[in-house]
file run_2.cif (mmCIF, C-alpha atoms; chains and numbers go by the auth columns)
data_input
#
loop_
_atom_site.group_PDB
_atom_site.id
_atom_site.type_symbol
_atom_site.label_atom_id
_atom_site.label_comp_id
_atom_site.label_asym_id
_atom_site.label_seq_id
_atom_site.Cartn_x
_atom_site.Cartn_y
_atom_site.Cartn_z
_atom_site.B_iso_or_equiv
_atom_site.auth_seq_id
_atom_site.auth_asym_id
ATOM 1 C CA MET A 1 -23.626 200.558 -53.523 0.00 1 A
ATOM 2 C CA THR A 2 -25.380 198.452 -50.901 0.00 2 A
ATOM 3 C CA PRO A 3 -26.706 200.570 -48.031 0.00 3 A
ATOM 4 C CA VAL A 4 -28.282 198.711 -45.159 0.00 4 A
ATOM 5 C CA ALA A 5 -29.943 200.033 -41.969 0.00 5 A
ATOM 6 C CA MET A 6 -32.788 199.252 -39.555 0.00 6 A
ATOM 7 C CA THR A 7 -35.596 200.678 -37.478 0.00 7 A
ATOM 8 C CA MET A 8 -36.779 199.580 -34.037 0.00 8 A
ATOM 9 C CA SER A 9 -39.249 196.819 -34.913 0.00 9 A
ATOM 10 C CA GLU A 10 -37.096 193.780 -35.760 0.00 10 A
ATOM 11 C CA ARG A 11 -38.361 190.212 -36.046 0.00 11 A
ATOM 12 C CA GLU A 12 -36.615 187.412 -34.159 0.00 12 A
ATOM 13 C CA PRO A 13 -36.380 183.846 -35.459 0.00 13 A
ATOM 14 C CA ILE A 14 -38.939 181.385 -34.103 0.00 14 A
ATOM 15 C CA GLU A 15 -36.550 178.492 -34.750 0.00 15 A
ATOM 16 C CA THR A 16 -32.768 178.190 -35.092 0.00 16 A
ATOM 17 C CA SER A 17 -31.186 174.961 -36.292 0.00 17 A
ATOM 18 C CA ASN A 18 -27.577 173.895 -36.679 0.00 18 A
ATOM 19 C CA GLN A 19 -26.634 173.006 -40.265 0.00 19 A
ATOM 20 C CA ALA A 20 -22.923 172.300 -39.668 0.00 20 A
ATOM 21 C CA GLY A 21 -23.084 168.930 -37.946 0.00 21 A
ATOM 22 C CA PRO A 22 -23.197 167.618 -34.390 0.00 22 A
ATOM 23 C CA ASP A 23 -19.855 169.101 -33.313 0.00 23 A
ATOM 24 C CA SER A 24 -20.894 172.693 -34.046 0.00 24 A
ATOM 25 C CA ALA A 25 -23.160 175.094 -32.227 0.00 25 A
ATOM 26 C CA PRO A 26 -25.760 177.013 -34.214 0.00 26 A
ATOM 27 C CA LEU A 27 -24.819 180.538 -35.204 0.00 27 A
ATOM 28 C CA PRO A 28 -26.781 183.242 -33.397 0.00 28 A
ATOM 29 C CA TRP A 29 -29.140 185.308 -35.597 0.00 29 A
ATOM 30 C CA SER A 30 -27.497 188.393 -34.083 0.00 30 A
ATOM 31 C CA ARG A 31 -24.360 187.667 -36.131 0.00 31 A
ATOM 32 C CA ALA A 32 -26.230 188.222 -39.407 0.00 32 A
ATOM 33 C CA HIS A 33 -28.680 190.779 -38.048 0.00 33 A
ATOM 34 C CA ASP A 34 -26.017 193.058 -36.588 0.00 34 A
ATOM 35 C CA LEU A 35 -24.276 193.271 -39.977 0.00 35 A
ATOM 36 C CA LEU A 36 -27.545 193.992 -41.791 0.00 36 A
ATOM 37 C CA ALA A 37 -28.665 196.539 -39.214 0.00 37 A
ATOM 38 C CA GLY A 38 -25.277 198.169 -38.732 0.00 38 A
ATOM 39 C CA GLY A 39 -25.622 200.830 -41.408 0.00 39 A
ATOM 40 C CA PRO A 40 -24.354 201.202 -44.963 0.00 40 A
ATOM 41 C CA LEU A 41 -21.985 198.393 -45.960 0.00 41 A
ATOM 42 C CA GLY A 42 -20.910 199.781 -49.336 0.00 42 A
ATOM 43 C CA THR A 43 -18.979 197.377 -51.535 0.00 43 A
ATOM 44 C CA GLU A 44 -18.329 194.976 -48.633 0.00 44 A
ATOM 45 C CA ALA A 45 -21.810 193.486 -49.120 0.00 45 A
ATOM 46 C CA VAL A 46 -23.145 191.902 -52.299 0.00 46 A
ATOM 47 C CA PHE A 47 -26.806 190.916 -52.857 0.00 47 A
ATOM 48 C CA PHE A 48 -28.345 188.815 -55.660 0.00 48 A
ATOM 49 C CA LEU A 49 -32.093 188.380 -56.174 0.00 49 A
ATOM 50 C CA GLY A 50 -33.340 185.043 -57.500 0.00 50 A
ATOM 51 C CA THR A 51 -36.734 185.007 -59.236 0.00 51 A
ATOM 52 C CA THR A 52 -38.584 182.707 -61.619 0.00 52 A
ATOM 53 C CA ARG A 53 -39.663 183.629 -65.142 0.00 53 A
ATOM 54 C CA PRO A 54 -43.247 182.796 -66.162 0.00 54 A
ATOM 55 C CA ASP A 55 -41.953 179.775 -68.131 0.00 55 A
ATOM 56 C CA GLY A 56 -40.196 178.428 -65.004 0.00 56 A
ATOM 57 C CA ARG A 57 -36.624 179.377 -65.890 0.00 57 A
ATOM 58 C CA PRO A 58 -34.593 181.023 -63.112 0.00 58 A
ATOM 59 C CA HIS A 59 -33.339 184.598 -63.171 0.00 59 A
ATOM 60 C CA SER A 60 -30.727 186.263 -60.957 0.00 60 A
ATOM 61 C CA ALA A 61 -29.717 189.913 -60.684 0.00 61 A
ATOM 62 C CA ALA A 62 -27.524 191.935 -58.346 0.00 62 A
ATOM 63 C CA PHE A 63 -29.156 194.760 -56.420 0.00 63 A
ATOM 64 C CA GLY A 64 -28.427 197.452 -53.860 0.00 64 A
ATOM 65 C CA ALA A 65 -30.184 196.368 -50.662 0.00 65 A
ATOM 66 C CA ALA A 66 -31.774 198.385 -47.921 0.00 66 A
ATOM 67 C CA TRP A 67 -32.538 196.762 -44.551 0.00 67 A
ATOM 68 C CA TYR A 68 -35.461 198.380 -42.773 0.00 68 A
ATOM 69 C CA ASP A 69 -37.738 197.124 -40.017 0.00 69 A
ATOM 70 C CA GLY A 70 -36.557 193.511 -40.335 0.00 70 A
ATOM 71 C CA ASP A 71 -36.944 193.205 -44.103 0.00 71 A
ATOM 72 C CA LEU A 72 -34.773 193.657 -47.199 0.00 72 A
ATOM 73 C CA TYR A 73 -35.800 196.111 -49.907 0.00 73 A
ATOM 74 C CA PHE A 74 -34.803 196.581 -53.531 0.00 74 A
ATOM 75 C CA GLN A 75 -35.825 198.944 -56.301 0.00 75 A
ATOM 76 C CA THR A 76 -36.066 198.441 -60.037 0.00 76 A
ATOM 77 C CA GLY A 77 -37.798 199.660 -63.166 0.00 77 A
ATOM 78 C CA ALA A 78 -41.324 198.445 -63.891 0.00 78 A
ATOM 79 C CA GLU A 79 -40.253 196.784 -67.152 0.00 79 A
ATOM 80 C CA THR A 80 -37.196 194.945 -65.826 0.00 80 A
ATOM 81 C CA ARG A 81 -37.150 191.158 -65.804 0.00 81 A
ATOM 82 C CA LYS A 82 -36.959 191.034 -61.996 0.00 82 A
ATOM 83 C CA ALA A 83 -39.997 193.333 -61.576 0.00 83 A
ATOM 84 C CA ARG A 84 -42.076 191.368 -64.078 0.00 84 A
ATOM 85 C CA ASN A 85 -41.039 188.072 -62.457 0.00 85 A
ATOM 86 C CA VAL A 86 -41.861 189.211 -58.905 0.00 86 A
ATOM 87 C CA ILE A 87 -45.223 190.637 -59.944 0.00 87 A
ATOM 88 C CA ALA A 88 -46.129 187.294 -61.563 0.00 88 A
ATOM 89 C CA ASN A 89 -44.646 185.129 -58.770 0.00 89 A
ATOM 90 C CA PRO A 90 -43.608 186.783 -55.480 0.00 90 A
ATOM 91 C CA ALA A 91 -41.480 183.817 -54.295 0.00 91 A
ATOM 92 C CA VAL A 92 -37.817 184.902 -54.223 0.00 92 A
ATOM 93 C CA THR A 93 -34.402 184.061 -52.865 0.00 93 A
ATOM 94 C CA VAL A 94 -31.653 186.491 -52.001 0.00 94 A
ATOM 95 C CA SER A 95 -28.019 185.449 -51.793 0.00 95 A
ATOM 96 C CA ALA A 96 -25.814 187.828 -49.826 0.00 96 A
ATOM 97 C CA ARG A 97 -22.139 187.997 -48.976 0.00 97 A
ATOM 98 C CA LEU A 98 -21.483 190.031 -45.848 0.00 98 A
ATOM 99 C CA PRO A 99 -18.199 190.341 -43.981 0.00 99 A
ATOM 100 C CA GLY A 100 -17.660 186.969 -42.295 0.00 100 A
ATOM 101 C CA ILE A 101 -20.956 185.334 -43.299 0.00 101 A
ATOM 102 C CA ASP A 102 -22.841 184.297 -46.430 0.00 102 A
ATOM 103 C CA LEU A 103 -26.648 184.375 -46.272 0.00 103 A
ATOM 104 C CA VAL A 104 -29.504 182.980 -48.344 0.00 104 A
ATOM 105 C CA PHE A 105 -32.961 184.435 -47.727 0.00 105 A
ATOM 106 C CA GLU A 106 -36.134 182.622 -48.847 0.00 106 A
ATOM 107 C CA GLY A 107 -39.359 184.593 -48.872 0.00 107 A
ATOM 108 C CA GLU A 108 -41.738 186.770 -50.831 0.00 108 A
ATOM 109 C CA ALA A 109 -41.372 190.161 -52.477 0.00 109 A
ATOM 110 C CA GLN A 110 -44.210 192.663 -52.427 0.00 110 A
ATOM 111 C CA HIS A 111 -44.506 195.983 -54.229 0.00 111 A
ATOM 112 C CA VAL A 112 -44.458 198.861 -51.715 0.00 112 A
ATOM 113 C CA THR A 113 -46.486 201.988 -52.429 0.00 113 A
ATOM 114 C CA ASP A 114 -47.264 203.525 -49.030 0.00 114 A
ATOM 115 C CA THR A 115 -45.504 206.859 -48.618 0.00 115 A
ATOM 116 C CA GLU A 116 -44.338 206.277 -45.025 0.00 116 A
ATOM 117 C CA THR A 117 -42.435 203.094 -45.906 0.00 117 A
ATOM 118 C CA LEU A 118 -41.097 204.567 -49.154 0.00 118 A
ATOM 119 C CA GLU A 119 -39.752 207.586 -47.231 0.00 119 A
ATOM 120 C CA ALA A 120 -38.114 205.371 -44.583 0.00 120 A
ATOM 121 C CA VAL A 121 -36.471 203.015 -47.072 0.00 121 A
ATOM 122 C CA THR A 122 -35.363 205.895 -49.302 0.00 122 A
ATOM 123 C CA GLU A 123 -33.697 207.442 -46.248 0.00 123 A
ATOM 124 C CA VAL A 124 -31.689 204.207 -45.825 0.00 124 A
ATOM 125 C CA TRP A 125 -30.442 204.515 -49.416 0.00 125 A
ATOM 126 C CA ARG A 126 -29.627 208.211 -48.887 0.00 126 A
ATOM 127 C CA LYS A 127 -27.562 207.370 -45.780 0.00 127 A
ATOM 128 C CA GLY A 128 -25.582 205.022 -48.014 0.00 128 A
ATOM 129 C CA GLY A 129 -24.808 207.844 -50.440 0.00 129 A
ATOM 130 C CA TRP A 130 -27.491 207.328 -53.106 0.00 130 A
ATOM 131 C CA GLU A 131 -29.518 210.529 -53.576 0.00 131 A
ATOM 132 C CA ALA A 132 -32.911 208.862 -53.950 0.00 132 A
ATOM 133 C CA GLU A 133 -36.223 210.664 -53.427 0.00 133 A
ATOM 134 C CA VAL A 134 -39.823 209.465 -53.200 0.00 134 A
ATOM 135 C CA ASP A 135 -41.807 210.253 -56.347 0.00 135 A
ATOM 136 C CA GLY A 136 -45.458 209.204 -56.126 0.00 136 A
ATOM 137 C CA ASP A 137 -45.592 205.423 -55.688 0.00 137 A
ATOM 138 C CA GLY A 138 -41.883 204.993 -56.486 0.00 138 A
ATOM 139 C CA ILE A 139 -38.486 206.635 -56.216 0.00 139 A
ATOM 140 C CA THR A 140 -36.169 208.652 -58.418 0.00 140 A
ATOM 141 C CA ALA A 141 -32.480 209.557 -58.231 0.00 141 A
ATOM 142 C CA PRO A 142 -29.862 211.268 -60.401 0.00 142 A
ATOM 143 C CA TYR A 143 -28.551 207.837 -61.496 0.00 143 A
ATOM 144 C CA ASN A 144 -29.286 204.109 -61.289 0.00 144 A
ATOM 145 C CA ALA A 145 -28.026 200.857 -62.796 0.00 145 A
ATOM 146 C CA PRO A 146 -27.978 201.076 -66.611 0.00 146 A
ATOM 147 C CA GLY A 147 -30.617 198.383 -67.191 0.00 147 A
ATOM 148 C CA THR A 148 -33.114 199.704 -64.654 0.00 148 A
ATOM 149 C CA GLY A 149 -35.075 201.804 -67.116 0.00 149 A
ATOM 150 C CA PRO A 150 -36.585 205.241 -66.601 0.00 150 A
ATOM 151 C CA PRO A 151 -37.751 206.522 -63.207 0.00 151 A
ATOM 152 C CA PRO A 152 -39.789 206.437 -61.121 0.00 152 A
ATOM 153 C CA TRP A 153 -38.614 203.002 -59.961 0.00 153 A
ATOM 154 C CA LEU A 154 -40.690 200.494 -58.059 0.00 154 A
ATOM 155 C CA VAL A 155 -39.707 199.478 -54.518 0.00 155 A
ATOM 156 C CA PHE A 156 -40.183 195.905 -53.269 0.00 156 A
ATOM 157 C CA ARG A 157 -40.082 194.507 -49.726 0.00 157 A
ATOM 158 C CA ILE A 158 -38.632 191.006 -49.302 0.00 158 A
ATOM 159 C CA THR A 159 -40.108 189.327 -46.255 0.00 159 A
ATOM 160 C CA ALA A 160 -38.043 186.261 -45.427 0.00 160 A
ATOM 161 C CA HIS A 161 -39.541 183.171 -43.848 0.00 161 A
ATOM 162 C CA THR A 162 -36.188 181.326 -43.777 0.00 162 A
ATOM 163 C CA VAL A 163 -32.565 182.502 -43.763 0.00 163 A
ATOM 164 C CA PHE A 164 -29.508 180.243 -44.062 0.00 164 A
ATOM 165 C CA GLY A 165 -26.115 181.451 -42.854 0.00 165 A
ATOM 166 C CA VAL A 166 -22.635 180.027 -43.420 0.00 166 A
ATOM 167 C CA ALA A 167 -19.832 181.675 -41.472 0.00 167 A
ATOM 168 C CA THR A 168 -16.771 182.475 -43.584 0.00 168 A
ATOM 169 C CA ALA A 169 -14.763 183.670 -40.573 0.00 169 A
ATOM 170 C CA GLU A 170 -14.330 182.366 -37.026 0.00 170 A
ATOM 171 C CA PRO A 171 -16.293 181.164 -35.251 0.00 171 A
ATOM 172 C CA TYR A 172 -17.311 178.968 -38.173 0.00 172 A
ATOM 173 C CA GLY A 173 -20.655 177.251 -38.485 0.00 173 A
ATOM 174 C CA ALA A 174 -23.852 177.111 -40.451 0.00 174 A
ATOM 175 C CA SER A 175 -27.433 177.715 -39.325 0.00 175 A
ATOM 176 C CA ARG A 176 -30.987 177.992 -40.536 0.00 176 A
ATOM 177 C CA TRP A 177 -33.285 180.584 -39.006 0.00 177 A
ATOM 178 C CA ARG A 178 -37.061 180.375 -39.512 0.00 178 A
ATOM 179 C CA PHE A 179 -39.265 183.418 -38.978 0.00 179 A
#
call {"tool": "encode", "arguments": {"input": "run_2.cif", "output": "structure tokens"}}
result
Amino acid sequence: MTPVAMTMSEREPIETSNQAGPDSAPLPWSRAHDLLAGGPLGTEAVFFLGTTRPDGRPHSAAFGAAWYDGDLYFQTGAETRKARNVIANPAVTVSARLPGIDLVFEGEAQHVTDTETLEAVTEVWRKGGWEAEVDGDGITAPYNAPGTGPPPWLVFRITAHTVFGVATAEPYGASRWRF
């Protein structure tokens, strides 16, 4: 399950650059943004979080994304490898396959505890069919991924400073967007 939605306050890139060579035009950010902001994508979208262990080794894990207010969100148990990695080092990457475009986000993940944001992001997951509810500084639901550990689960915001996109459907191209 990978629900994705948006609110009104979206960030626009401050720089767009072509990554496909001189004969190609850069892809517009709207191509990626419209897919992210278009509502729940279900199994059509796949997201992987890349973090770094304290000893420097990489770690990657799939997650169900929520797109809200221009940022990606994920949830996980406090004792999971990805939570421990992000708390120690907030630098992350996210690799995503969306219909017609692959994306790589580079940015930072921050633990979210304010009730207003938790309620808004939880609503995105509910619209995608996951019956999540805010519980204190985290969320709960009737089910979650087997390795997530017991609820309540922590919610993290991924604020991207750079996104790379490679079109897998026409019109083809590749771009880098800086925020």
call {"tool": "closest_atom_pairs", "arguments": {"input": "run_2.cif", "of": "range 102-139 of chain A", "to": "range 68-82 of chain A", "cutoff": "8 Å", "atoms": "all atoms listed in the file", "output": "tab-separated table"}}
result
residue	atom	partner	partner_atom	distance
A:Ala120	CA	A:Tyr68	CA	7.7
A:Val121	CA	A:Tyr68	CA	6.4
A:Val124	CA	A:Tyr68	CA	7.6
call {"tool": "atom_distance", "arguments": {"input": "run_2.cif", "atom1": "CA of Ala37 in chain A", "atom2": "CA of Gly21 in chain A"}}
result
28.2 Å
call {"tool": "closest_residue", "arguments": {"input": "run_2.cif", "among": "A:Ala20, A:Val104, A:Val163, A:Ala61", "to": "Arg176 in chain A", "atoms": "all atoms listed in the file"}}
result
A:Val163
call {"tool": "residues_around", "arguments": {"input": "run_2.cif", "residues": "Glu170 in chain A", "least_positions_apart": "3", "cutoff": "9 Å", "atoms": "only C-alpha atoms", "output": "MDAnalysis selection string"}}
result
chainID A and resid 100 167 173
call {"tool": "residues_around", "arguments": {"input": "run_2.cif", "residues": "Tyr143 in chain A", "least_positions_apart": "2", "cutoff": "12 Å", "atoms": "all atoms listed in the file", "output": "list in words"}}
result
Met1, Gly129, Trp130, Glu131, Ala132, Glu133, Ile139, Thr140, Ala141, Ala145, Pro146, Gly147, Thr148, Gly149, Pro150, Pro151, Pro152 and Trp153 of chain A
call {"tool": "closest_residue", "arguments": {"input": "run_2.cif", "among": "A:Ile87, A:Val92, A:Pro28, A:Asp102", "to": "Pro58 in chain A", "atoms": "all atoms listed in the file"}}
result
A:Val92
call {"tool": "residues_around", "arguments": {"input": "run_2.cif", "residues": "range 89-91 of chain A", "least_positions_apart": "2", "cutoff": "6 Å", "atoms": "all atoms listed in the file", "output": "VMD selection string"}}
result
chain A and resid 85 to 87 107 to 109
call {"tool": "atom_distance", "arguments": {"input": "run_2.cif", "atom1": "CA of Ser30 in chain A", "atom2": "CA of Lys127 in chain A"}}
result
22.3 Å
call {"tool": "closest_residue", "arguments": {"input": "run_2.cif", "among": "A:Ala32, A:Leu98, A:Ala174, A:Ile158", "to": "Glu12 in chain A", "atoms": "all atoms listed in the file"}}
result
A:Ala32
call {"tool": "resolve_selection", "arguments": {"input": "run_2.cif", "expression": "the PyMOL selection byres ((chain A and resi 162) around 6)", "output": "mmCIF file with C-alpha atoms, in the frame of the given file"}}
result
data_model
loop_
_atom_site.group_PDB
_atom_site.id
_atom_site.type_symbol
_atom_site.label_atom_id
_atom_site.label_comp_id
_atom_site.auth_asym_id
_atom_site.auth_seq_id
_atom_site.Cartn_x
_atom_site.Cartn_y
_atom_site.Cartn_z
ATOM 1 C CA PHE A 105 -32.961 184.435 -47.727
ATOM 2 C CA GLU A 106 -36.134 182.622 -48.847
ATOM 3 C CA ALA A 160 -38.043 186.261 -45.427
ATOM 4 C CA HIS A 161 -39.541 183.171 -43.848
ATOM 5 C CA VAL A 163 -32.565 182.502 -43.763
ATOM 6 C CA TRP A 177 -33.285 180.584 -39.006
ATOM 7 C CA ARG A 178 -37.061 180.375 -39.512
#
call {"tool": "atom_distance", "arguments": {"input": "run_2.cif", "atom1": "CA of Gly165 in chain A", "atom2": "CA of Asp23 in chain A"}}
result
16.8 Å
call {"tool": "axis_aligned_box", "arguments": {"input": "run_2.cif", "around": "range 77-90 of chain A", "padding_each_side": "5 Å", "output": "JSON"}}
result
{"center_x": -41.5, "center_y": 192.4, "center_z": -61.3, "size_x": 19.2, "size_y": 24.5, "size_z": 21.7}
call {"tool": "closest_residue", "arguments": {"input": "run_2.cif", "among": "A:Thr113, A:Leu154, A:Thr52, A:Pro99", "to": "Gly38 in chain A", "atoms": "only C-alpha atoms"}}
result
A:Pro99
call {"tool": "closest_residue", "arguments": {"input": "run_2.cif", "among": "A:Gly64, A:Pro26, A:Pro54, A:Pro13", "to": "Arg84 in chain A", "atoms": "all atoms listed in the file"}}
result
A:Pro54
call {"tool": "closest_residue", "arguments": {"input": "run_2.cif", "among": "A:Phe156, A:Phe47, A:Trp67, A:Phe179", "to": "Asp34 in chain A", "atoms": "only C-alpha atoms"}}
result
A:Trp67
